[in-house]
Amino acid sequence: MVIFGAGGDLTKRLLVPALYNLAHTGLLPDNIAIVGVDVVQQDAAAWQTSLHGMLQSFLGDPQSESRIDRIDESVWAKFTARMSYVQGDFSDHGLFELLRQHLEELDKQHQTGGNVLFYFAVADRFFGPLAEQLGHAGLLDEQLHDGQPQRWRRVVIEKPFGHDLESAKALNARLLRIMREEQIYRIDHFLGKETVQNIMAFRFANGLFEPLWNRDHIDHVQITVAETVGVEHRAKFYEITGALRDMVPNHVFQLLAMVAMEPPSGFDAHSVRNRKADVFAALRSVKPEDAVRGQYGPGAVHGETLSGYHEEPGVAPDSSTETYVAMRLSVDNWRWAGVPIYLRTGKRMTVRLTEIAIRFKRVPFAPFEDTDVERLPPNWLVLQIQPDEGISLQFEVKQPGPVVDLAAVQMAFRYRDWFPAEPNVGYETLIYDVMIGDQTLFNRADQIEETWRAVQPILDAWAKEPAGHFPNYFAGTDGPQAADALLQRDHNEWRPLPRT
Ligand SMILES: NC(=O)c1ccc[n+]([C@@H]2O[C@H](COP(=O)([O-])OP(=O)(O)OC[C@H]3O[C@@H](n4cnc5c(N)ncnc54)[C@H](OP(=O)(O)O)[C@@H]3O)[C@@H](O)[C@H]2O)c1
């Protein structure tokens, strides 16, 4: 495994902890060799020391997503014995010649079978050039025999994959000139989350829900990805990206695909990705009037004063970058015609929460006219992705007593009540899948392009007309009022975000 960007944040905070977790659970092959490549001047020992320090402080951090609490030094020693470091600049052809020789030596030393996983943990401007350097040096050659690789060469591409439809198409074309689609693993780390993968199991391994999973029974769907954090130290990236590009065509649409896809004919990559691609292809391009943008101003959470986006370090005082977006989507197919799918995502919101909420249709009113039933909320099925992973169903019961009074109650399943927590930073499954050649959880070229196509009208409209009304929500609240109006048009309302 070759990690480009070995000295970077992603490698230190997520990739190496994930690899360490895989080593800890015995899921790394014994003959693996891990090569770090970066411009940072250091040797393998210094790289390992910095990773060890980072892993240790990360494990000690109560906010960390890792569930391991300390490094097992014997695992770490075995793990680092397999690590080497090559220093150089990605623009230098000589680096790739050096790398080729190094990989040949490692192959002899560890019998890696000539198989190499290249991980691009680098800024997106390097994705194309790095692939070209690898191709030029012959490092992506799989020596096909009867269409089957004699050895595999796979490339993991981080996000963002393009910044609009045109750039995503151009990047796909650039990569596909050098390698086959089967060699490309476009990552979206939301798909590494257990609860996201569980949506498919929940829908297709239980006979109960699937018959109801359509326009006859579902009134609408709400997808929420709310963060409490602000822009933090990422202003340089965020100022040119914004909430829409950062979250919607990738993470949020992955959740949408899991909820909206037809049952695949099998759980192999081909079948699952075909069904997800169908959802993206049926997604109607979003009209500007069906989208709302927001930016947080100063506010307070739990008595702590929070700055507005304009006051954050590195942000232009007149920035019109959105930190919140809400949309109304339509999936134009037999199953979903006429069912609005609302999504919202934002920074500095009341709580950290990712959930998909499915609202079922109300019962026919005839027998309950002018009774409390008319005012009761309809059934909600909520798939909670984070922080408290689980599934809950809200339904109505009769309250005990002589009078017919109804109340909404919940049946709730929480992962942590049933399964022991595995050490996990979210990248373990994805890295493991690349090693075994399973592309199910990775995006195909056509999927990426369809998702950008769906949001392109909004990108165009917002680029033409910078928001003149920012900030429009207080930090620590549920988002701008215009987002409420978006649902009110359909006589709906957002599920209130829980108060902590
Ligand atoms: N960090 C995260 O939490 C996170 C999460 C999800 C996805 N991602 C994605 O992962 C990728 C990497 O992000 P990151 O935050 O780890 O970036 P990063 O911290 O900037 O790391 C990139 C590394 O590459 C090095 N580098 C830059 N230019 C180089 C060159 N010409 N030749 C050789 N090395 C060079 C950098 O060195 P210098 O520092 O000296 O420039 C740095 O060590 C990005 O695509 C990002 O969008 C990151």
# chains A, B, ... in the order shown; residues from 1 in each chain; ligands from 1
>>> residues_around(residues="Gly437 of chain A", least_positions_apart="3", cutoff="12 Å", atoms="only C-alpha atoms", output="list in words")
Asn115, Val116, Leu117, Pro149, Arg151, Trp152, Arg153, Arg154, Val155, Val156, Glu182, Gln183, Ile184, Tyr185, Asp268, Ala269, Thr429, Leu430, Ile431, Tyr432, Asp433, Val434, Thr440, Leu441 and Phe442 of chain A
>>> write_last_selection(atoms="C-alpha atoms", output="mmCIF file, in the first residue's frame")
data_model
loop_
_atom_site.group_PDB
_atom_site.id
_atom_site.type_symbol
_atom_site.label_atom_id
_atom_site.label_comp_id
_atom_site.auth_asym_id
_atom_site.auth_seq_id
_atom_site.Cartn_x
_atom_site.Cartn_y
_atom_site.Cartn_z
ATOM 1 C CA ASN A 115 -0.185 -6.094 -6.073
ATOM 2 C CA VAL A 116 -0.253 -2.425 -5.110
ATOM 3 C CA LEU A 117 -2.916 -0.179 -3.642
ATOM 4 C CA PRO A 149 -5.057 -8.910 -14.171
ATOM 5 C CA ARG A 151 -1.346 -8.640 -10.515
ATOM 6 C CA TRP A 152 -3.593 -5.849 -9.376
ATOM 7 C CA ARG A 153 -2.948 -2.129 -9.254
ATOM 8 C CA ARG A 154 -5.726 -0.107 -7.562
ATOM 9 C CA VAL A 155 -6.055 3.583 -6.875
ATOM 10 C CA VAL A 156 -8.110 5.150 -4.099
ATOM 11 C CA GLU A 182 -12.177 -1.562 -12.128
ATOM 12 C CA GLN A 183 -8.923 -0.062 -10.815
ATOM 13 C CA ILE A 184 -10.531 3.124 -9.473
ATOM 14 C CA TYR A 185 -11.950 3.348 -5.950
ATOM 15 C CA ASP A 268 -22.046 -7.810 -5.534
ATOM 16 C CA ALA A 269 -20.595 -4.466 -6.610
ATOM 17 C CA THR A 429 -14.118 -1.430 5.920
ATOM 18 C CA LEU A 430 -13.239 0.740 2.945
ATOM 19 C CA ILE A 431 -9.507 -0.026 3.025
ATOM 20 C CA TYR A 432 -10.246 -3.705 3.559
ATOM 21 C CA ASP A 433 -12.634 -3.711 0.592
ATOM 22 C CA VAL A 434 -10.011 -2.166 -1.692
ATOM 23 C CA THR A 440 -19.555 -2.097 -3.826
ATOM 24 C CA LEU A 441 -19.033 0.840 -1.465
ATOM 25 C CA PHE A 442 -17.205 3.020 -3.983
#
>>> closest_atom_pairs(of="chain A", to="ligand 1", cutoff="8 Å", atoms="only C-alpha atoms and all ligand atoms", output="CSV")
residue,atom,partner,partner_atom_place_in_ligand_line,distance
A:Phe4,CA,ligand 1,24 (O),6.7
A:Gly5,CA,ligand 1,24 (O),3.6
A:Ala6,CA,ligand 1,43 (O),6.0
A:Gly7,CA,ligand 1,43 (O),3.8
A:Gly8,CA,ligand 1,21 (O),3.2
A:Asp9,CA,ligand 1,16 (O),3.6
A:Leu10,CA,ligand 1,16 (O),3.6
A:Thr11,CA,ligand 1,16 (O),5.8
A:Lys12,CA,ligand 1,16 (O),7.6
A:Arg13,CA,ligand 1,3 (O),7.0
A:Leu14,CA,ligand 1,3 (O),7.2
A:Val37,CA,ligand 1,33 (C),7.0
A:Asp38,CA,ligand 1,34 (N),4.0
A:Val39,CA,ligand 1,33 (C),3.8
A:Val40,CA,ligand 1,40 (O),5.7
A:Gln87,CA,ligand 1,33 (C),7.7
A:Gly88,CA,ligand 1,33 (C),5.7
A:Asp89,CA,ligand 1,32 (N),3.5
A:Phe90,CA,ligand 1,32 (N),4.0
A:Ser91,CA,ligand 1,31 (N),5.9
A:Phe120,CA,ligand 1,11 (C),7.0
A:Ala121,CA,ligand 1,12 (C),4.2
A:Val122,CA,ligand 1,12 (C),3.8
A:Ala123,CA,ligand 1,45 (O),4.0
A:Asp124,CA,ligand 1,45 (O),4.8
A:Phe126,CA,ligand 1,31 (N),7.8
A:Ile157,CA,ligand 1,45 (O),7.8
A:Glu158,CA,ligand 1,45 (O),5.0
A:Lys159,CA,ligand 1,47 (O),5.0
A:Pro160,CA,ligand 1,47 (O),5.6
A:His189,CA,ligand 1,6 (C),7.2
>>> write_last_selection(atoms="C-alpha atoms", output="PDB file, in the first residue's frame")
ATOM      1  CA  PHE A   4       0.635   9.665  -1.181  1.00  0.00           C
ATOM      2  CA  GLY A   5       0.314  12.502   1.314  1.00  0.00           C
ATOM      3  CA  ALA A   6       1.870  10.439   4.122  1.00  0.00           C
ATOM      4  CA  GLY A   7       2.609  13.542   6.177  1.00  0.00           C
ATOM      5  CA  GLY A   8      -0.929  14.943   5.874  1.00  0.00           C
ATOM      6  CA  ASP A   9      -3.881  15.240   8.187  1.00  0.00           C
ATOM      7  CA  LEU A  10      -5.981  12.445   6.679  1.00  0.00           C
ATOM      8  CA  THR A  11      -3.143   9.933   6.895  1.00  0.00           C
ATOM      9  CA  LYS A  12      -2.404  10.760  10.509  1.00  0.00           C
ATOM     10  CA  ARG A  13      -5.927  11.093  11.823  1.00  0.00           C
ATOM     11  CA  LEU A  14      -7.798   8.443   9.878  1.00  0.00           C
ATOM     12  CA  VAL A  37       5.281   9.245   0.089  1.00  0.00           C
ATOM     13  CA  ASP A  38       5.360  12.946   0.826  1.00  0.00           C
ATOM     14  CA  VAL A  39       7.352  16.101   0.230  1.00  0.00           C
ATOM     15  CA  VAL A  40       8.081  16.341   3.974  1.00  0.00           C
ATOM     16  CA  GLN A  87      10.511  11.501   0.208  1.00  0.00           C
ATOM     17  CA  GLY A  88       9.866  13.531  -2.922  1.00  0.00           C
ATOM     18  CA  ASP A  89       7.692  15.953  -4.838  1.00  0.00           C
ATOM     19  CA  PHE A  90       4.768  14.592  -6.881  1.00  0.00           C
ATOM     20  CA  SER A  91       5.828  16.714  -9.865  1.00  0.00           C
ATOM     21  CA  PHE A 120      -4.224   9.468  -2.960  1.00  0.00           C
ATOM     22  CA  ALA A 121      -4.467  11.185   0.443  1.00  0.00           C
ATOM     23  CA  VAL A 122      -3.702  14.498  -1.189  1.00  0.00           C
ATOM     24  CA  ALA A 123      -5.475  17.670  -2.298  1.00  0.00           C
ATOM     25  CA  ASP A 124      -7.741  17.101  -5.307  1.00  0.00           C
ATOM     26  CA  PHE A 126      -3.058  16.206  -7.503  1.00  0.00           C
ATOM     27  CA  ILE A 157      -9.248   8.667  -4.907  1.00  0.00           C
ATOM     28  CA  GLU A 158     -10.280  10.874  -2.005  1.00  0.00           C
ATOM     29  CA  LYS A 159     -12.974  13.485  -2.155  1.00  0.00           C
ATOM     30  CA  PRO A 160     -13.763  15.994  -3.537  1.00  0.00           C
ATOM     31  CA  HIS A 189     -16.253   7.755   3.857  1.00  0.00           C
TER      32      HIS A 189
END
>>> residues_around(residues="Arg273 of chain A", least_positions_apart="6", cutoff="10 Å", atoms="only C-alpha atoms", output="JSON, numbers by chain")
{"A": [257, 261, 264, 267, 279, 439, 440, 441, 442, 443, 444, 446, 447]}
>>> closest_residue(among="A:Leu175, A:Leu381, A:Met435, A:Val292", to="Arg328 of chain A", atoms="only C-alpha atoms")
A:Val292
>>> residues_around(residues="segment 244-247 of chain A", least_positions_apart="2", cutoff="8 Å", atoms="only C-alpha atoms", output="count of residues only")
13
>>> atom_distance(atom1="atom CA of Lys347 of chain A", atom2="atom CA of Val231 of chain A")
7.5 Å
>>> atom_distance(atom1="atom CA of Ser319 of chain A", atom2="atom CA of Phe237 of chain A")
13.2 Å
>>> closest_residue(among="A:Asp460, A:Asp30, A:Glu428, A:Glu449", to="Leu15 of chain A", atoms="only C-alpha atoms")
A:Glu428
>>> residues_around(residues="Thr477 of chain A", least_positions_apart="3", cutoff="12 Å", atoms="only C-alpha atoms", output="MDAnalysis selection string")
chainID A and resid 226:228 294:302 306 324 346:352 472:474 480:481 496:499
>>> write_last_selection(atoms="N, CA and C atoms", output="PDB file, in the first residue's frame")
ATOM      1  N   ALA A 226     -26.569  17.315  10.377  1.00  0.00           N
ATOM      2  CA  ALA A 226     -26.336  18.550  11.125  1.00  0.00           C
ATOM      3  C   ALA A 226     -25.023  18.444  11.891  1.00  0.00           C
ATOM      4  N   GLU A 227     -24.233  19.497  11.815  1.00  0.00           N
ATOM      5  CA  GLU A 227     -22.973  19.530  12.563  1.00  0.00           C
ATOM      6  C   GLU A 227     -23.034  20.687  13.562  1.00  0.00           C
ATOM      7  N   THR A 228     -22.362  20.526  14.687  1.00  0.00           N
ATOM      8  CA  THR A 228     -22.292  21.639  15.634  1.00  0.00           C
ATOM      9  C   THR A 228     -21.024  22.452  15.399  1.00  0.00           C
ATOM     10  N   GLY A 294     -27.732  29.057   3.447  1.00  0.00           N
ATOM     11  CA  GLY A 294     -27.623  29.828   4.679  1.00  0.00           C
ATOM     12  C   GLY A 294     -26.178  29.969   5.091  1.00  0.00           C
ATOM     13  N   GLN A 295     -25.955  30.938   5.966  1.00  0.00           N
ATOM     14  CA  GLN A 295     -24.619  31.106   6.545  1.00  0.00           C
ATOM     15  C   GLN A 295     -24.803  31.520   7.994  1.00  0.00           C
ATOM     16  N   TYR A 296     -24.004  30.926   8.877  1.00  0.00           N
ATOM     17  CA  TYR A 296     -24.230  31.217  10.298  1.00  0.00           C
ATOM     18  C   TYR A 296     -23.610  32.552  10.713  1.00  0.00           C
ATOM     19  N   GLY A 297     -24.342  33.230  11.564  1.00  0.00           N
ATOM     20  CA  GLY A 297     -23.825  34.441  12.197  1.00  0.00           C
ATOM     21  C   GLY A 297     -23.440  34.090  13.618  1.00  0.00           C
ATOM     22  N   PRO A 298     -23.042  35.079  14.427  1.00  0.00           N
ATOM     23  CA  PRO A 298     -22.672  34.783  15.816  1.00  0.00           C
ATOM     24  C   PRO A 298     -23.849  34.171  16.565  1.00  0.00           C
ATOM     25  N   GLY A 299     -23.549  33.436  17.610  1.00  0.00           N
ATOM     26  CA  GLY A 299     -24.616  32.823  18.405  1.00  0.00           C
ATOM     27  C   GLY A 299     -24.034  32.228  19.664  1.00  0.00           C
ATOM     28  N   ALA A 300     -24.779  31.354  20.282  1.00  0.00           N
ATOM     29  CA  ALA A 300     -24.310  30.753  21.533  1.00  0.00           C
ATOM     30  C   ALA A 300     -24.874  29.351  21.660  1.00  0.00           C
ATOM     31  N   VAL A 301     -24.053  28.443  22.229  1.00  0.00           N
ATOM     32  CA  VAL A 301     -24.534  27.102  22.550  1.00  0.00           C
ATOM     33  C   VAL A 301     -24.089  26.784  23.959  1.00  0.00           C
ATOM     34  N   HIS A 302     -25.030  26.342  24.793  1.00  0.00           N
ATOM     35  CA  HIS A 302     -24.739  26.017  26.196  1.00  0.00           C
ATOM     36  C   HIS A 302     -23.965  27.164  26.872  1.00  0.00           C
ATOM     37  N   LEU A 306     -20.322  31.951  20.291  1.00  0.00           N
ATOM     38  CA  LEU A 306     -19.702  31.439  19.062  1.00  0.00           C
ATOM     39  C   LEU A 306     -19.628  32.543  18.021  1.00  0.00           C
ATOM     40  N   TYR A 324     -24.852  26.270   5.080  1.00  0.00           N
ATOM     41  CA  TYR A 324     -26.090  25.502   5.277  1.00  0.00           C
ATOM     42  C   TYR A 324     -26.763  25.373   3.918  1.00  0.00           C
ATOM     43  N   GLY A 346     -25.888  21.452   7.582  1.00  0.00           N
ATOM     44  CA  GLY A 346     -25.320  22.733   7.947  1.00  0.00           C
ATOM     45  C   GLY A 346     -24.329  22.631   9.078  1.00  0.00           C
ATOM     46  N   LYS A 347     -23.562  23.689   9.181  1.00  0.00           N
ATOM     47  CA  LYS A 347     -22.616  23.795  10.293  1.00  0.00           C
ATOM     48  C   LYS A 347     -23.214  24.682  11.381  1.00  0.00           C
ATOM     49  N   ARG A 348     -22.624  24.532  12.578  1.00  0.00           N
ATOM     50  CA  ARG A 348     -23.050  25.324  13.744  1.00  0.00           C
ATOM     51  C   ARG A 348     -24.560  25.214  13.978  1.00  0.00           C
ATOM     52  N   MET A 349     -25.046  23.994  13.909  1.00  0.00           N
ATOM     53  CA  MET A 349     -26.465  23.800  14.203  1.00  0.00           C
ATOM     54  C   MET A 349     -26.607  23.356  15.663  1.00  0.00           C
ATOM     55  N   THR A 350     -27.834  23.177  16.090  1.00  0.00           N
ATOM     56  CA  THR A 350     -28.116  22.900  17.496  1.00  0.00           C
ATOM     57  C   THR A 350     -27.430  21.633  18.010  1.00  0.00           C
ATOM     58  N   VAL A 351     -27.475  20.575  17.196  1.00  0.00           N
ATOM     59  CA  VAL A 351     -26.903  19.299  17.616  1.00  0.00           C
ATOM     60  C   VAL A 351     -26.143  18.653  16.465  1.00  0.00           C
ATOM     61  N   ARG A 352     -25.283  17.692  16.823  1.00  0.00           N
ATOM     62  CA  ARG A 352     -24.640  16.870  15.794  1.00  0.00           C
ATOM     63  C   ARG A 352     -25.551  15.674  15.583  1.00  0.00           C
ATOM     64  N   ASN A 472     -27.719  34.462   7.816  1.00  0.00           N
ATOM     65  CA  ASN A 472     -29.183  34.390   7.948  1.00  0.00           C
ATOM     66  C   ASN A 472     -29.640  33.348   8.964  1.00  0.00           C
ATOM     67  N   TYR A 473     -28.687  32.783   9.741  1.00  0.00           N
ATOM     68  CA  TYR A 473     -29.115  32.013  10.906  1.00  0.00           C
ATOM     69  C   TYR A 473     -28.075  32.163  12.020  1.00  0.00           C
ATOM     70  N   PHE A 474     -28.526  32.087  13.245  1.00  0.00           N
ATOM     71  CA  PHE A 474     -27.622  32.218  14.368  1.00  0.00           C
ATOM     72  C   PHE A 474     -26.897  30.893  14.603  1.00  0.00           C
ATOM     73  N   PRO A 480     -31.720  28.578   8.661  1.00  0.00           N
ATOM     74  CA  PRO A 480     -32.483  29.767   8.281  1.00  0.00           C
ATOM     75  C   PRO A 480     -33.987  29.510   8.166  1.00  0.00           C
ATOM     76  N   GLN A 481     -34.744  30.582   8.321  1.00  0.00           N
ATOM     77  CA  GLN A 481     -36.218  30.463   8.250  1.00  0.00           C
ATOM     78  C   GLN A 481     -36.689  30.047   6.862  1.00  0.00           C
ATOM     79  N   PRO A 496     -38.220  18.618  14.419  1.00  0.00           N
ATOM     80  CA  PRO A 496     -37.387  19.495  15.232  1.00  0.00           C
ATOM     81  C   PRO A 496     -36.089  18.770  15.628  1.00  0.00           C
ATOM     82  N   LEU A 497     -34.968  19.476  15.610  1.00  0.00           N
ATOM     83  CA  LEU A 497     -33.728  18.854  16.046  1.00  0.00           C
ATOM     84  C   LEU A 497     -33.776  18.724  17.567  1.00  0.00           C
ATOM     85  N   PRO A 498     -33.326  17.603  18.115  1.00  0.00           N
ATOM     86  CA  PRO A 498     -33.405  17.446  19.563  1.00  0.00           C
ATOM     87  C   PRO A 498     -32.527  18.477  20.275  1.00  0.00           C
ATOM     88  N   ARG A 499     -32.961  18.908  21.414  1.00  0.00           N
ATOM     89  CA  ARG A 499     -32.161  19.834  22.247  1.00  0.00           C
ATOM     90  C   ARG A 499     -31.369  18.987  23.226  1.00  0.00           C
TER      91      ARG A 499
END
>>> closest_residue(among="A:Tyr119, A:Trp380, A:Tyr342, A:Trp418", to="Asn492 of chain A", atoms="only C-alpha atoms")
A:Tyr342
>>> closest_residue(among="A:Ala445, A:Ala81, A:Ile341, A:Val286", to="Ala173 of chain A", atoms="only C-alpha atoms")
A:Ala445
>>> select_by_dssp(residues="segment 118-246 of chain A", states="helix (DSSP H, G or I)", output="VMD selection string")
chain A and resid 124 to 136 165 to 176 181 to 183 189 to 192 194 to 204 210 to 212 235 to 239 242 to 246
>>> residues_around(residues="Ile448 of chain A", least_positions_apart="5", cutoff="10 Å", atoms="only C-alpha atoms", output="MDAnalysis selection string")
chainID A and resid 161:162 165 168:169 172 186 249:250 277 280 443 453
